[in-house]
>>> print(open('protein07.txt').read())   # compact mmCIF, C-alpha atoms
# COMPACT_ATOMS: atom_id res chain seq x y z
CA VAL S 1 0.00 0.00 0.00
CA ARG S 2 1.39 3.40 -0.97
CA ASP S 3 1.96 5.97 1.75
CA PRO S 4 -0.35 9.02 1.70
CA ILE S 5 0.64 11.86 -0.62
CA LEU S 6 0.13 15.47 0.42
CA LEU S 7 -2.35 17.01 -2.04
CA ALA S 8 -2.73 20.48 -0.55
CA GLU S 9 -2.09 22.46 2.61
CA LEU S 10 -3.99 25.44 3.96
CA LYS S 11 -2.25 27.97 6.19
CA PRO S 12 -3.93 30.68 8.27
CA GLY S 13 -3.26 34.36 7.98
CA GLN S 14 -1.99 36.23 11.03
CA PRO S 15 -4.35 39.12 11.82
CA GLN S 16 -2.56 41.94 13.62
CA GLN S 17 -5.19 42.17 16.34
CA TYR S 18 -4.63 38.53 17.40
CA ASP S 19 -1.07 37.85 18.40
CA TRP S 20 -1.37 35.26 21.19
CA LYS S 21 0.15 31.94 20.28
CA ALA S 22 -2.57 29.80 21.87
CA SER S 23 -5.21 31.01 19.41
CA CYS S 24 -3.83 29.53 16.19
CA GLU S 25 -4.58 25.78 16.63
CA THR S 26 -6.79 23.87 14.23
CA TRP S 27 -8.76 21.84 16.74
CA SER S 28 -11.32 20.61 14.26
CA VAL S 29 -11.74 19.90 10.53
CA ALA S 30 -14.91 18.60 8.90
CA PHE S 31 -16.40 17.67 5.54
CA SER S 32 -20.12 18.13 4.91
CA PRO S 33 -22.03 14.81 4.58
CA ASP S 34 -22.47 15.33 0.82
CA GLY S 35 -18.76 16.14 0.38
CA ARG S 36 -19.42 19.60 -1.10
CA TRP S 37 -17.93 21.70 1.71
CA PHE S 38 -14.91 21.66 3.98
CA ALA S 39 -14.81 23.53 7.30
CA TRP S 40 -11.58 24.48 9.01
CA SER S 41 -11.16 26.15 12.41
CA GLN S 42 -8.03 28.02 11.35
CA GLY S 43 -7.44 29.78 14.67
CA HIS S 44 -7.88 33.44 15.59
CA CYS S 45 -11.65 32.91 16.14
CA ILE S 46 -12.23 32.23 12.43
CA VAL S 47 -13.80 29.31 10.58
CA LYS S 48 -13.22 28.99 6.84
CA LEU S 49 -15.95 27.36 4.75
CA LEU S 50 -14.44 26.14 1.50
CA PRO S 51 -16.30 24.57 -1.44
CA TRP S 52 -14.93 21.13 -2.31
CA PRO S 53 -12.87 20.21 -4.24
CA LEU S 54 -10.13 22.69 -3.51
CA GLU S 55 -8.02 23.99 -6.36
CA GLY S 56 -5.08 21.88 -5.19
CA THR S 57 -7.07 18.64 -5.37
CA GLN S 58 -8.50 18.95 -8.87
CA ASN S 59 -6.61 15.92 -10.11
CA CYS S 60 -7.70 13.62 -7.30
CA LYS S 61 -9.97 10.76 -8.38
CA ALA S 62 -11.76 10.79 -5.02
CA SER S 63 -13.19 14.19 -5.90
CA GLU S 64 -14.40 13.41 -9.44
CA CYS S 65 -18.10 13.06 -8.56
CA THR S 66 -18.01 16.22 -6.45
CA LYS S 67 -16.28 18.17 -9.24
CA ALA S 68 -18.98 17.14 -11.70
CA GLU S 69 -21.71 18.27 -9.30
CA ALA S 70 -19.89 21.59 -8.74
CA ARG S 71 -19.74 22.27 -12.47
CA GLY S 72 -23.45 21.49 -12.80
CA ARG S 73 -24.61 23.88 -10.09
CA GLY S 74 -21.96 26.61 -10.48
CA ARG S 75 -18.95 27.13 -8.26
CA ALA S 76 -19.83 28.03 -4.67
CA LYS S 77 -17.89 30.78 -2.95
CA GLU S 78 -15.54 30.54 0.02
CA LYS S 79 -16.92 32.00 3.26
CA THR S 80 -15.35 33.31 6.45
CA LEU S 81 -17.29 32.90 9.70
CA GLU S 82 -16.27 35.40 12.39
CA CYS S 83 -17.07 33.51 15.59
CA GLY S 84 -15.67 36.02 18.10
CA GLN S 85 -14.13 33.22 20.20
CA ILE S 86 -11.59 30.45 19.67
CA VAL S 87 -13.35 27.61 17.83
CA TRP S 88 -12.89 24.08 19.17
CA GLY S 89 -15.61 21.90 17.65
CA LEU S 90 -17.28 21.69 14.22
CA ALA S 91 -20.20 19.60 12.95
CA PHE S 92 -22.25 19.65 9.75
CA SER S 93 -25.87 18.55 9.28
CA SER S 94 -28.63 18.82 6.68
CA TRP S 95 -31.57 20.37 8.48
CA LEU S 96 -35.20 21.01 7.59
CA PRO S 97 -36.30 24.06 9.64
CA SER S 98 -39.61 23.99 11.50
CA ARG S 99 -42.34 26.49 10.84
CA SER S 100 -41.85 28.20 14.19
CA ARG S 101 -38.74 30.37 13.91
CA LYS S 102 -39.02 32.88 16.72
CA HIS S 103 -35.50 32.25 18.05
CA ILE S 104 -33.79 31.93 14.67
CA LEU S 105 -31.56 34.92 14.01
CA TRP S 106 -32.01 34.60 10.24
CA ALA S 107 -34.70 32.71 8.33
CA PRO S 108 -32.96 29.85 6.46
CA SER S 109 -33.97 28.26 3.19
CA PRO S 110 -36.61 25.44 3.33
CA ALA S 111 -33.89 22.76 3.57
CA CYS S 112 -30.36 23.81 4.32
CA LEU S 113 -26.91 22.60 5.26
CA VAL S 114 -25.81 23.94 8.65
CA LEU S 115 -22.51 24.10 10.49
CA ALA S 116 -22.36 24.14 14.29
CA THR S 117 -19.31 25.73 15.95
CA GLY S 118 -18.30 25.11 19.57
CA LEU S 119 -16.64 28.11 21.17
CA ASN S 120 -14.23 28.98 23.94
CA ASP S 121 -16.85 30.81 26.04
CA GLY S 122 -19.32 27.88 26.12
CA GLN S 123 -21.51 29.21 23.31
CA ILE S 124 -22.55 27.21 20.24
CA LYS S 125 -23.16 29.13 17.04
CA VAL S 126 -25.07 27.45 14.21
CA TRP S 127 -24.63 28.85 10.69
CA GLU S 128 -26.35 28.35 7.34
CA VAL S 129 -23.58 27.19 5.01
CA GLN S 130 -25.00 28.48 1.74
CA THR S 131 -25.35 32.07 2.96
CA GLY S 132 -22.95 32.22 5.91
CA ARG S 133 -25.78 33.61 8.07
CA LEU S 134 -25.95 32.94 11.82
CA LEU S 135 -29.08 30.93 12.66
CA PHE S 136 -28.73 30.11 16.37
CA ASN S 137 -26.64 31.11 19.35
CA LEU S 138 -27.07 28.32 21.91
CA SER S 139 -26.21 29.08 25.54
CA GLY S 140 -25.94 26.70 28.47
CA HIS S 141 -22.41 25.38 28.83
CA GLN S 142 -20.21 27.01 31.46
CA ASP S 143 -16.87 26.31 29.76
CA VAL S 144 -15.26 25.49 26.41
CA VAL S 145 -17.43 23.49 23.98
CA ARG S 146 -14.83 20.96 22.95
CA ASP S 147 -16.75 18.79 20.47
CA LEU S 148 -20.06 18.55 18.59
CA SER S 149 -21.98 15.76 16.88
CA PHE S 150 -25.32 15.73 15.04
CA ALA S 151 -27.60 12.71 15.19
CA PRO S 152 -28.05 10.93 11.83
CA GLY S 153 -31.07 10.33 9.63
CA ASP S 154 -34.48 11.61 10.67
CA SER S 155 -33.01 12.96 13.94
CA ARG S 156 -30.45 15.19 12.23
CA SER S 157 -31.83 18.30 13.94
CA ILE S 158 -30.53 16.87 17.25
CA LEU S 159 -27.13 18.28 18.25
CA ILE S 160 -24.90 16.86 20.99
CA SER S 161 -22.25 19.08 22.59
CA ALA S 162 -19.33 18.09 24.84
CA SER S 163 -17.74 20.61 27.17
CA ARG S 164 -15.02 21.26 29.67
CA ASP S 165 -17.81 21.89 32.18
CA LYS S 166 -17.90 18.05 32.44
CA THR S 167 -21.32 17.72 30.78
CA LEU S 168 -22.87 16.85 27.46
CA ARG S 169 -25.96 18.72 26.32
CA VAL S 170 -28.65 17.76 23.84
CA TRP S 171 -30.19 20.46 21.63
CA ASP S 172 -32.99 20.31 19.07
CA LEU S 173 -32.75 22.78 16.20
CA GLY S 174 -36.23 21.67 15.15
CA GLN S 175 -37.51 23.21 18.40
CA ASN S 176 -35.71 26.51 17.88
CA GLY S 177 -32.51 25.26 19.52
CA LYS S 178 -34.21 24.08 22.71
CA GLN S 179 -31.96 22.33 25.24
CA LEU S 180 -33.51 18.90 25.77
CA LYS S 181 -31.15 17.28 28.26
CA VAL S 182 -27.97 17.69 30.28
CA LEU S 183 -25.92 14.48 30.57
CA SER S 184 -23.76 14.25 33.69
CA GLY S 185 -21.45 11.39 34.53
CA HIS S 186 -17.93 12.53 33.70
CA MET S 187 -15.64 13.77 36.45
CA ARG S 188 -13.30 15.71 34.16
CA TRP S 189 -13.35 17.79 30.97
CA VAL S 190 -15.27 16.08 28.16
CA TYR S 191 -12.98 15.93 25.13
CA CYS S 192 -15.17 14.33 22.49
CA CYS S 193 -18.54 12.89 21.58
CA CYS S 194 -19.89 10.92 18.62
CA THR S 195 -23.25 9.45 17.66
CA SER S 196 -23.54 6.03 16.05
CA PRO S 197 -24.62 6.02 12.39
CA ASP S 198 -27.70 3.93 13.29
CA GLY S 199 -28.76 6.65 15.74
CA ARG S 200 -28.97 4.34 18.74
CA MET S 201 -25.95 5.31 20.81
CA LEU S 202 -23.76 8.20 21.87
CA CYS S 203 -20.17 7.83 23.07
CA SER S 204 -18.30 10.43 25.10
CA ALA S 205 -14.75 10.58 26.41
CA ALA S 206 -13.23 12.86 29.04
CA GLY S 207 -9.86 13.19 30.75
CA GLU S 208 -10.45 9.78 32.25
CA LYS S 209 -9.33 6.21 31.55
CA SER S 210 -12.79 5.22 30.38
CA ALA S 211 -15.48 6.19 27.87
CA LEU S 212 -19.23 6.36 28.45
CA LEU S 213 -21.96 4.98 26.20
CA TRP S 214 -25.40 6.58 26.27
CA SER S 215 -28.78 5.68 24.77
CA MET S 216 -29.94 8.17 22.13
CA ASP S 217 -33.55 7.20 22.88
CA SER S 218 -33.62 7.86 26.63
CA TYR S 219 -30.29 9.73 27.02
CA SER S 220 -29.52 7.36 29.90
CA LEU S 221 -26.10 5.83 30.60
CA LEU S 222 -25.78 2.36 29.06
CA ARG S 223 -22.30 1.32 30.14
CA LYS S 224 -18.82 2.43 31.06
CA LEU S 225 -16.00 1.17 28.84
CA GLU S 226 -12.88 0.53 30.91
CA GLY S 227 -9.58 -0.73 29.56
CA HIS S 228 -7.27 2.20 28.85
CA GLN S 229 -4.36 3.15 31.11
CA GLY S 230 -4.43 6.85 30.14
CA CYS S 231 -6.89 9.60 29.30
CA VAL S 232 -9.27 8.79 26.44
CA VAL S 233 -9.28 11.75 24.05
CA SER S 234 -11.05 10.56 20.89
CA CYS S 235 -13.84 8.17 19.93
CA ALA S 236 -15.46 7.10 16.66
CA PHE S 237 -18.08 4.59 15.49
CA SER S 238 -17.62 2.46 12.38
CA PRO S 239 -20.00 3.16 9.46
CA ASP S 240 -22.18 0.15 10.38
CA SER S 241 -22.21 1.09 14.11
CA ALA S 242 -20.86 -2.37 15.01
CA LEU S 243 -17.44 -1.11 16.17
CA LEU S 244 -16.34 1.71 18.44
CA ALA S 245 -12.77 2.99 18.49
CA THR S 246 -11.38 4.88 21.50
CA ALA S 247 -7.96 6.57 21.37
CA SER S 248 -5.93 7.40 24.43
CA TYR S 249 -2.80 9.08 25.71
CA ASP S 250 -1.66 5.54 26.68
CA THR S 251 -0.68 5.07 22.96
CA TYR S 252 -3.46 2.53 22.32
CA VAL S 253 -6.62 2.48 20.25
CA ILE S 254 -9.13 -0.05 21.56
CA LEU S 255 -11.80 -1.47 19.27
CA TRP S 256 -14.99 -2.32 21.18
CA ASP S 257 -18.28 -3.98 20.49
CA PRO S 258 -20.49 -1.09 21.70
CA CYS S 259 -23.49 -3.39 22.03
CA THR S 260 -21.85 -5.75 24.54
CA GLY S 261 -18.97 -3.62 25.84
CA GLU S 262 -16.39 -6.26 24.88
CA GLN S 263 -12.85 -5.35 23.84
CA LEU S 264 -12.21 -6.85 20.41
CA LYS S 265 -8.73 -5.57 19.56
CA SER S 266 -6.01 -3.16 20.70
CA LEU S 267 -3.80 -1.20 18.31
CA CYS S 268 -0.49 -0.10 19.82
CA HIS S 269 1.31 2.97 18.45
CA ILE S 270 4.99 2.09 18.53
CA PRO S 271 7.34 4.93 17.50
CA LEU S 272 9.10 4.20 14.20
CA GLN S 273 12.22 5.99 15.43
CA PRO S 274 13.57 7.10 18.83
CA ALA S 275 12.15 10.41 20.04
CA LEU S 276 14.43 13.32 19.23
CA ASP S 277 13.51 15.35 22.29
CA HIS S 278 15.60 14.83 25.42
CA GLY S 279 13.65 13.21 28.18
CA ALA S 280 10.81 12.14 25.86
CA ASP S 281 8.89 9.07 27.01
CA PHE S 282 5.88 7.08 25.86
CA HIS S 283 3.90 10.31 25.56
CA ALA S 284 5.65 10.78 22.19
CA SER S 285 3.06 8.32 20.81
CA SER S 286 0.05 9.68 22.70
CA LEU S 287 -3.03 9.59 20.51
CA ARG S 288 -4.89 12.73 19.46
CA SER S 289 -7.57 11.59 17.02
CA ALA S 290 -9.04 8.53 15.31
CA CYS S 291 -11.58 8.06 12.51
CA PHE S 292 -12.95 5.21 10.37
CA SER S 293 -12.86 5.16 6.59
CA PRO S 294 -16.29 5.39 4.88
CA GLU S 295 -16.30 1.71 3.90
CA GLY S 296 -15.16 0.64 7.37
CA LEU S 297 -12.02 -1.27 6.39
CA TYR S 298 -9.44 1.25 7.64
CA LEU S 299 -8.84 3.39 10.71
CA ALA S 300 -6.81 6.60 10.63
CA THR S 301 -4.98 7.91 13.71
CA VAL S 302 -2.94 11.00 14.54
CA ALA S 303 -0.38 10.79 17.35
CA ASP S 304 2.21 12.98 19.02
CA ASP S 305 5.03 11.08 17.29
CA ARG S 306 4.29 13.27 14.23
CA LEU S 307 2.69 10.51 12.20
CA LEU S 308 -0.63 9.89 10.53
CA ARG S 309 -1.19 6.13 10.45
CA ILE S 310 -3.65 4.19 8.31
CA TRP S 311 -4.56 0.86 9.91
CA ALA S 312 -6.05 -2.11 8.06
CA LEU S 313 -8.49 -3.50 10.61
CA GLU S 314 -8.28 -7.08 9.34
CA LEU S 315 -4.47 -6.99 9.73
CA GLY S 316 -4.40 -5.06 12.99
CA SER S 317 -1.36 -3.10 11.85
CA PRO S 318 -0.63 0.17 10.05
CA VAL S 319 -0.25 -0.16 6.30
CA ALA S 320 0.63 3.46 5.50
CA PHE S 321 2.22 6.49 7.19
CA ALA S 322 2.45 10.22 6.58
CA PRO S 323 4.40 12.93 8.46
CA VAL S 324 1.97 15.18 10.36
CA LYS S 325 3.81 17.51 12.72
CA ASN S 326 1.80 18.64 15.77
CA GLY S 327 -1.34 16.88 14.54
CA LEU S 328 -4.54 17.41 16.51
CA CYS S 329 -7.39 15.96 14.43
CA CYS S 330 -8.24 13.95 11.35
CA THR S 331 -11.32 13.13 9.28
CA TYR S 332 -12.10 11.17 6.13
CA PHE S 333 -13.69 12.62 3.01
CA PRO S 334 -17.24 11.10 2.89
CA HIS S 335 -16.54 9.29 -0.39
CA GLY S 336 -13.12 8.04 0.74
CA GLY S 337 -9.68 8.43 -0.77
CA ILE S 338 -8.73 11.61 1.15
CA ILE S 339 -8.01 12.46 4.78
CA ALA S 340 -7.89 15.97 6.18
CA THR S 341 -5.69 16.68 9.20
CA GLY S 342 -5.49 19.73 11.45
CA THR S 343 -2.38 20.84 13.33
CA ARG S 344 -1.35 22.91 16.31
CA ASP S 345 0.13 25.45 13.88
CA GLY S 346 -3.30 26.20 12.42
CA HIS S 347 -2.71 24.26 9.20
CA ALA S 348 -5.12 21.93 7.40
CA GLN S 349 -3.60 19.23 5.20
CA PHE S 350 -5.15 16.89 2.63
CA TRP S 351 -3.70 13.43 1.99
CA THR S 352 -4.45 10.67 -0.49
CA VAL S 353 -5.07 7.42 1.36
CA PRO S 354 -5.63 3.75 0.43
CA GLN S 355 -9.00 2.80 -0.98
CA ALA S 356 -10.05 -0.84 -1.00
CA LEU S 357 -12.76 -2.53 -2.99
CA SER S 358 -14.95 -4.06 -0.32
CA SER S 359 -15.48 -7.79 -0.57
CA LEU S 360 -19.02 -9.10 -0.99
CA LYS S 361 -18.70 -10.58 2.51
CA HIS S 362 -17.86 -7.22 4.04
CA LEU S 363 -20.64 -5.43 2.13
CA CYS S 364 -23.17 -7.98 3.39
CA ARG S 365 -21.85 -7.59 6.93
CA LYS S 366 -22.02 -3.81 6.72
CA VAL S 367 -25.65 -3.87 5.55
CA LEU S 368 -26.72 -6.47 8.10
CA ARG S 369 -24.96 -4.81 11.04
CA SER S 370 -26.58 -1.49 10.19
CA CYS S 371 -29.88 -3.14 11.14
CA PHE S 372 -29.00 -5.91 13.62
CA THR S 373 -27.34 -5.62 17.03
CA THR S 374 -24.75 -8.16 18.21
CA TYR S 375 -27.37 -9.91 20.34
CA GLN S 376 -29.71 -10.22 17.36
CA VAL S 377 -26.92 -11.66 15.20
CA LEU S 378 -26.06 -14.24 17.86
CA LYS S 379 -29.67 -15.49 17.82
CA LEU S 380 -29.64 -16.12 14.07
CA PRO S 381 -29.72 -19.83 13.01
CA ILE S 382 -26.34 -19.67 11.25
CA PRO S 383 -22.94 -21.32 11.89
CA LYS S 384 -20.71 -19.93 14.67
CA LYS S 385 -17.99 -19.06 12.17
CA MET S 386 -20.42 -16.79 10.33
CA LYS S 387 -21.57 -15.21 13.60
CA ASP S 388 -17.95 -14.49 14.53
CA PHE S 389 -17.42 -12.74 11.20
CA LEU S 390 -20.59 -10.69 11.45
CA THR S 391 -19.76 -9.58 15.00
CA TYR S 392 -16.12 -8.75 14.15
CA ARG S 393 -14.76 -11.48 16.44
CA THR S 394 -12.37 -12.42 13.62
CA LEU S 395 -10.40 -9.18 13.88
>>> encode(input="protein07.txt", output="structure tokens")
Amino acid sequence: VRDPILLAELKPGQPQQYDWKASCETWSVAFSPDGRWFAWSQGHCIVKLLPWPLEGTQNCKASECTKAEARGRGRAKEKTLECGQIVWGLAFSSWLPSRSRKHILWAPSPACLVLATGLNDGQIKVWEVQTGRLLFNLSGHQDVVRDLSFAPGDSRSILISASRDKTLRVWDLGQNGKQLKVLSGHMRWVYCCCTSPDGRMLCSAAGEKSALLWSMDSYSLLRKLEGHQGCVVSCAFSPDSALLATASYDTYVILWDPCTGEQLKSLCHIPLQPALDHGADFHASSLRSACFSPEGLYLATVADDRLLRIWALELGSPVAFAPVKNGLCCTYFPHGGIIATGTRDGHAQFWTVPQALSSLKHLCRKVLRSCFTTYQVLKLPIPKKMKDFLTYRTL
């Protein structure tokens, strides 16, 4: 497998009025679900909304379908969102506004793509992508909003926020941004949250050695996932919701069955070369971010050893590497083939990554597991070997 190739790199400007070093980090990067937009928290309280594909990626095959769509509808224009605070979290969703709009700051189009931004002062600002207008300003958190995640499918107006105030909050844009629930259970800052693609579960991770799984129906705590020896800082569900990856400062990614809470596999990040810094220890390979590929065959991770790794889940080992200095986050392009990374220097980078043709077996598993839980699979009148494959016990 070829190592990722750098396609393009975005660098922030340096406004004169903002000269503190701590404001330049790119804590979050995101692609819209349809792959037409890229959002980049470039530091200095600014989010850039860029139509995809970028000029530097015009020759990338992964962007061919998006380029054709862009030509058909006319080229969209880049937008700058002035958030007024350092931006930590980003999340896209397609949203159908309700008829009652009394708290909406600007009336959106009948069906619109929105971007939620989590800010340093605990506010959440929700923007209409097409116009760059501010729709909502959601208040409730008492500290930094570190991460955001929209529910999928018919519940895509539901927004989950994770904060340093040790809580998660549930908001409904369909009810004019009403706060539905406050989820308490973490003892430290909440670093990340993610909803499962089937809409059944929510995972959250804080500065603790465990992650929490919540029901998206009742917003009650389902289970506590314990197994890491360091702080869990990132979590991600596989596209079929059958796997959950948690990444930790202990240099490990653990793959879980979220339905049963079982540990299925551990991926250890071993430095490829001795750390150059004097006195450096295992923290050189501390994890920062993890994300699944759209087809569910690969996992991408960013670690403090300055490497982006692409893991083949069936092999349990990295099959490709790329140099990412001071990496903080990573995300896959929705149609695969590209990964975006964000760095502590405020840069966003785009890399080509391996794409695999899914086997018929994997495609069948992906479809089935999108509808059936592990317990339902285990009750099926099929051979044990087939059950093990369907429940990822063969990893």
>>> closest_residue(input="protein07.txt", among="S:Asp143, S:Asp198, S:Asp172, S:Glu25", to="Pro97 (chain S)", atoms="only C-alpha atoms")
S:Asp172
>>> atom_distance(input="protein07.txt", atom1="CA of Ser241 (chain S)", atom2="CA of Ala91 (chain S)")
18.7 Å
>>> closest_residue(input="protein07.txt", among="S:Phe321, S:Trp27, S:Tyr219, S:Trp37", to="Ser289 (chain S)", atoms="only C-alpha atoms")
S:Trp27
>>> atom_distance(input="protein07.txt", atom1="CA of Glu55 (chain S)", atom2="CA of His347 (chain S)")
16.4 Å
>>> residues_around(input="protein07.txt", residues="Asn326 (chain S)", least_positions_apart="6", cutoff="10 Å", atoms="only C-alpha atoms", output="list in words")
Glu25, Arg288, Val302, Ala303, Asp304, Asp305, Arg306, Leu307, Gly342, Thr343, Arg344, Asp345, Gly346 and His347 of chain S
>>> write_last_selection(input="protein07.txt", atoms="C-alpha atoms", output="PDB file, keeping the file's coordinate frame")
ATOM      1  CA  GLU S  25      -4.580  25.780  16.630  1.00  0.00           C
ATOM      2  CA  ARG S 288      -4.890  12.730  19.460  1.00  0.00           C
ATOM      3  CA  VAL S 302      -2.940  11.000  14.540  1.00  0.00           C
ATOM      4  CA  ALA S 303      -0.380  10.790  17.350  1.00  0.00           C
ATOM      5  CA  ASP S 304       2.210  12.980  19.020  1.00  0.00           C
ATOM      6  CA  ASP S 305       5.030  11.080  17.290  1.00  0.00           C
ATOM      7  CA  ARG S 306       4.290  13.270  14.230  1.00  0.00           C
ATOM      8  CA  LEU S 307       2.690  10.510  12.200  1.00  0.00           C
ATOM      9  CA  GLY S 342      -5.490  19.730  11.450  1.00  0.00           C
ATOM     10  CA  THR S 343      -2.380  20.840  13.330  1.00  0.00           C
ATOM     11  CA  ARG S 344      -1.350  22.910  16.310  1.00  0.00           C
ATOM     12  CA  ASP S 345       0.130  25.450  13.880  1.00  0.00           C
ATOM     13  CA  GLY S 346      -3.300  26.200  12.420  1.00  0.00           C
ATOM     14  CA  HIS S 347      -2.710  24.260   9.200  1.00  0.00           C
TER      15      HIS S 347
END
>>> residues_near_point(input="protein07.txt", point="(-9.6, 8.3, 27.1)", cutoff="8 Å", atoms="all atoms listed in the file", output="list in words")
Ala205, Ala206, Gly207, Glu208, Lys209, Ser210, Ala211, His228, Gly230, Cys231, Val232, Val233, Ser234, Thr246, Ala247, Ser248 and Tyr249 of chain S
>>> closest_residue(input="protein07.txt", among="S:Ala30, S:Ile160, S:Cys371, S:Cys45", to="Tyr332 (chain S)", atoms="all atoms listed in the file")
S:Ala30
>>> residues_around(input="protein07.txt", residues="Arg365 (chain S)", least_positions_apart="4", cutoff="10 Å", atoms="all atoms listed in the file", output="PyMOL selection string")
chain S and resi 240+242+359-361+369-370+372+386+389-392
>>> axis_aligned_box(input="protein07.txt", around="region 193-204 of chain S", padding_each_side="6 Å", output="JSON")
{"center_x": -23.6, "center_y": 8.4, "center_z": 18.7, "size_x": 22.7, "size_y": 21.0, "size_z": 24.7}
>>> residues_around(input="protein07.txt", residues="Gly336 (chain S)", least_positions_apart="2", cutoff="9 Å", atoms="only C-alpha atoms", output="PDB file with C-alpha atoms, in the frame of the given file")
ATOM      1  CA  ALA S  62     -11.760  10.790  -5.020  1.00  0.00           C
ATOM      2  CA  SER S 293     -12.860   5.160   6.590  1.00  0.00           C
ATOM      3  CA  PRO S 294     -16.290   5.390   4.880  1.00  0.00           C
ATOM      4  CA  GLU S 295     -16.300   1.710   3.900  1.00  0.00           C
ATOM      5  CA  TYR S 332     -12.100  11.170   6.130  1.00  0.00           C
ATOM      6  CA  PHE S 333     -13.690  12.620   3.010  1.00  0.00           C
ATOM      7  CA  PRO S 334     -17.240  11.100   2.890  1.00  0.00           C
ATOM      8  CA  ILE S 338      -8.730  11.610   1.150  1.00  0.00           C
ATOM      9  CA  ILE S 339      -8.010  12.460   4.780  1.00  0.00           C
ATOM     10  CA  VAL S 353      -5.070   7.420   1.360  1.00  0.00           C
ATOM     11  CA  PRO S 354      -5.630   3.750   0.430  1.00  0.00           C
ATOM     12  CA  GLN S 355      -9.000   2.800  -0.980  1.00  0.00           C
TER      13      GLN S 355
END
>>> closest_residue(input="protein07.txt", among="S:Ala290, S:Gln179, S:Pro197, S:Asp154", to="Ile124 (chain S)", atoms="only C-alpha atoms")
S:Gln179
>>> closest_residue(input="protein07.txt", among="S:Arg169, S:Arg393, S:Arg200, S:Arg223", to="Gly153 (chain S)", atoms="all atoms listed in the file")
S:Arg200
>>> residues_around(input="protein07.txt", residues="Thr131 (chain S)", least_positions_apart="2", cutoff="12 Å", atoms="all atoms listed in the file", output="list in words")
Leu49, Ala76, Lys77, Glu78, Lys79, Thr80, Leu81, Trp106, Ala107, Pro108, Ser109, Cys112, Leu113, Val114, Leu115, Trp127, Glu128, Val129, Arg133, Leu134 and Leu135 of chain S
>>> write_last_selection(input="protein07.txt", atoms="C-alpha atoms", output="CSV table (one decimal), in the coordinates of the input")
chain,number,residue,atom,x,y,z
S,49,LEU,CA,-16.0,27.4,4.8
S,76,ALA,CA,-19.8,28.0,-4.7
S,77,LYS,CA,-17.9,30.8,-3.0
S,78,GLU,CA,-15.5,30.5,0.0
S,79,LYS,CA,-16.9,32.0,3.3
S,80,THR,CA,-15.4,33.3,6.4
S,81,LEU,CA,-17.3,32.9,9.7
S,106,TRP,CA,-32.0,34.6,10.2
S,107,ALA,CA,-34.7,32.7,8.3
S,108,PRO,CA,-33.0,29.8,6.5
S,109,SER,CA,-34.0,28.3,3.2
S,112,CYS,CA,-30.4,23.8,4.3
S,113,LEU,CA,-26.9,22.6,5.3
S,114,VAL,CA,-25.8,23.9,8.6
S,115,LEU,CA,-22.5,24.1,10.5
S,127,TRP,CA,-24.6,28.8,10.7
S,128,GLU,CA,-26.4,28.4,7.3
S,129,VAL,CA,-23.6,27.2,5.0
S,133,ARG,CA,-25.8,33.6,8.1
S,134,LEU,CA,-26.0,32.9,11.8
S,135,LEU,CA,-29.1,30.9,12.7
>>> residues_around(input="protein07.txt", residues="region 251-258 of chain S", least_positions_apart="3", cutoff="7 Å", atoms="only C-alpha atoms", output="ChimeraX atom specification")
/S:242-248,261-269,285-287
>>> atom_distance(input="protein07.txt", atom1="CA of Leu10 (chain S)", atom2="CA of Ala300 (chain S)")
20.2 Å
>>> closest_residue(input="protein07.txt", among="S:Leu90, S:Leu222, S:Ile5, S:Cys24", to="Thr331 (chain S)", atoms="all atoms listed in the file")
S:Leu90
>>> decode(input="protein07.txt", residues="region 185-204 of chain S", atoms="C-alpha atoms", output="mmCIF file, in the first residue's frame")
data_model
loop_
_atom_site.group_PDB
_atom_site.id
_atom_site.type_symbol
_atom_site.label_atom_id
_atom_site.label_comp_id
_atom_site.auth_asym_id
_atom_site.auth_seq_id
_atom_site.Cartn_x
_atom_site.Cartn_y
_atom_site.Cartn_z
ATOM 1 C CA GLY S 185 -21.446 11.391 34.526
ATOM 2 C CA HIS S 186 -17.930 12.529 33.701
ATOM 3 C CA MET S 187 -15.640 13.773 36.452
ATOM 4 C CA ARG S 188 -13.296 15.712 34.156
ATOM 5 C CA TRP S 189 -13.352 17.791 30.970
ATOM 6 C CA VAL S 190 -15.266 16.077 28.162
ATOM 7 C CA TYR S 191 -12.983 15.928 25.126
ATOM 8 C CA CYS S 192 -15.166 14.329 22.486
ATOM 9 C CA CYS S 193 -18.537 12.888 21.576
ATOM 10 C CA CYS S 194 -19.893 10.915 18.623
ATOM 11 C CA THR S 195 -23.249 9.449 17.663
ATOM 12 C CA SER S 196 -23.536 6.028 16.054
ATOM 13 C CA PRO S 197 -24.621 6.022 12.387
ATOM 14 C CA ASP S 198 -27.695 3.932 13.285
ATOM 15 C CA GLY S 199 -28.764 6.653 15.737
ATOM 16 C CA ARG S 200 -28.973 4.339 18.736
ATOM 17 C CA MET S 201 -25.947 5.305 20.809
ATOM 18 C CA LEU S 202 -23.763 8.197 21.874
ATOM 19 C CA CYS S 203 -20.174 7.828 23.070
ATOM 20 C CA SER S 204 -18.304 10.425 25.104
#
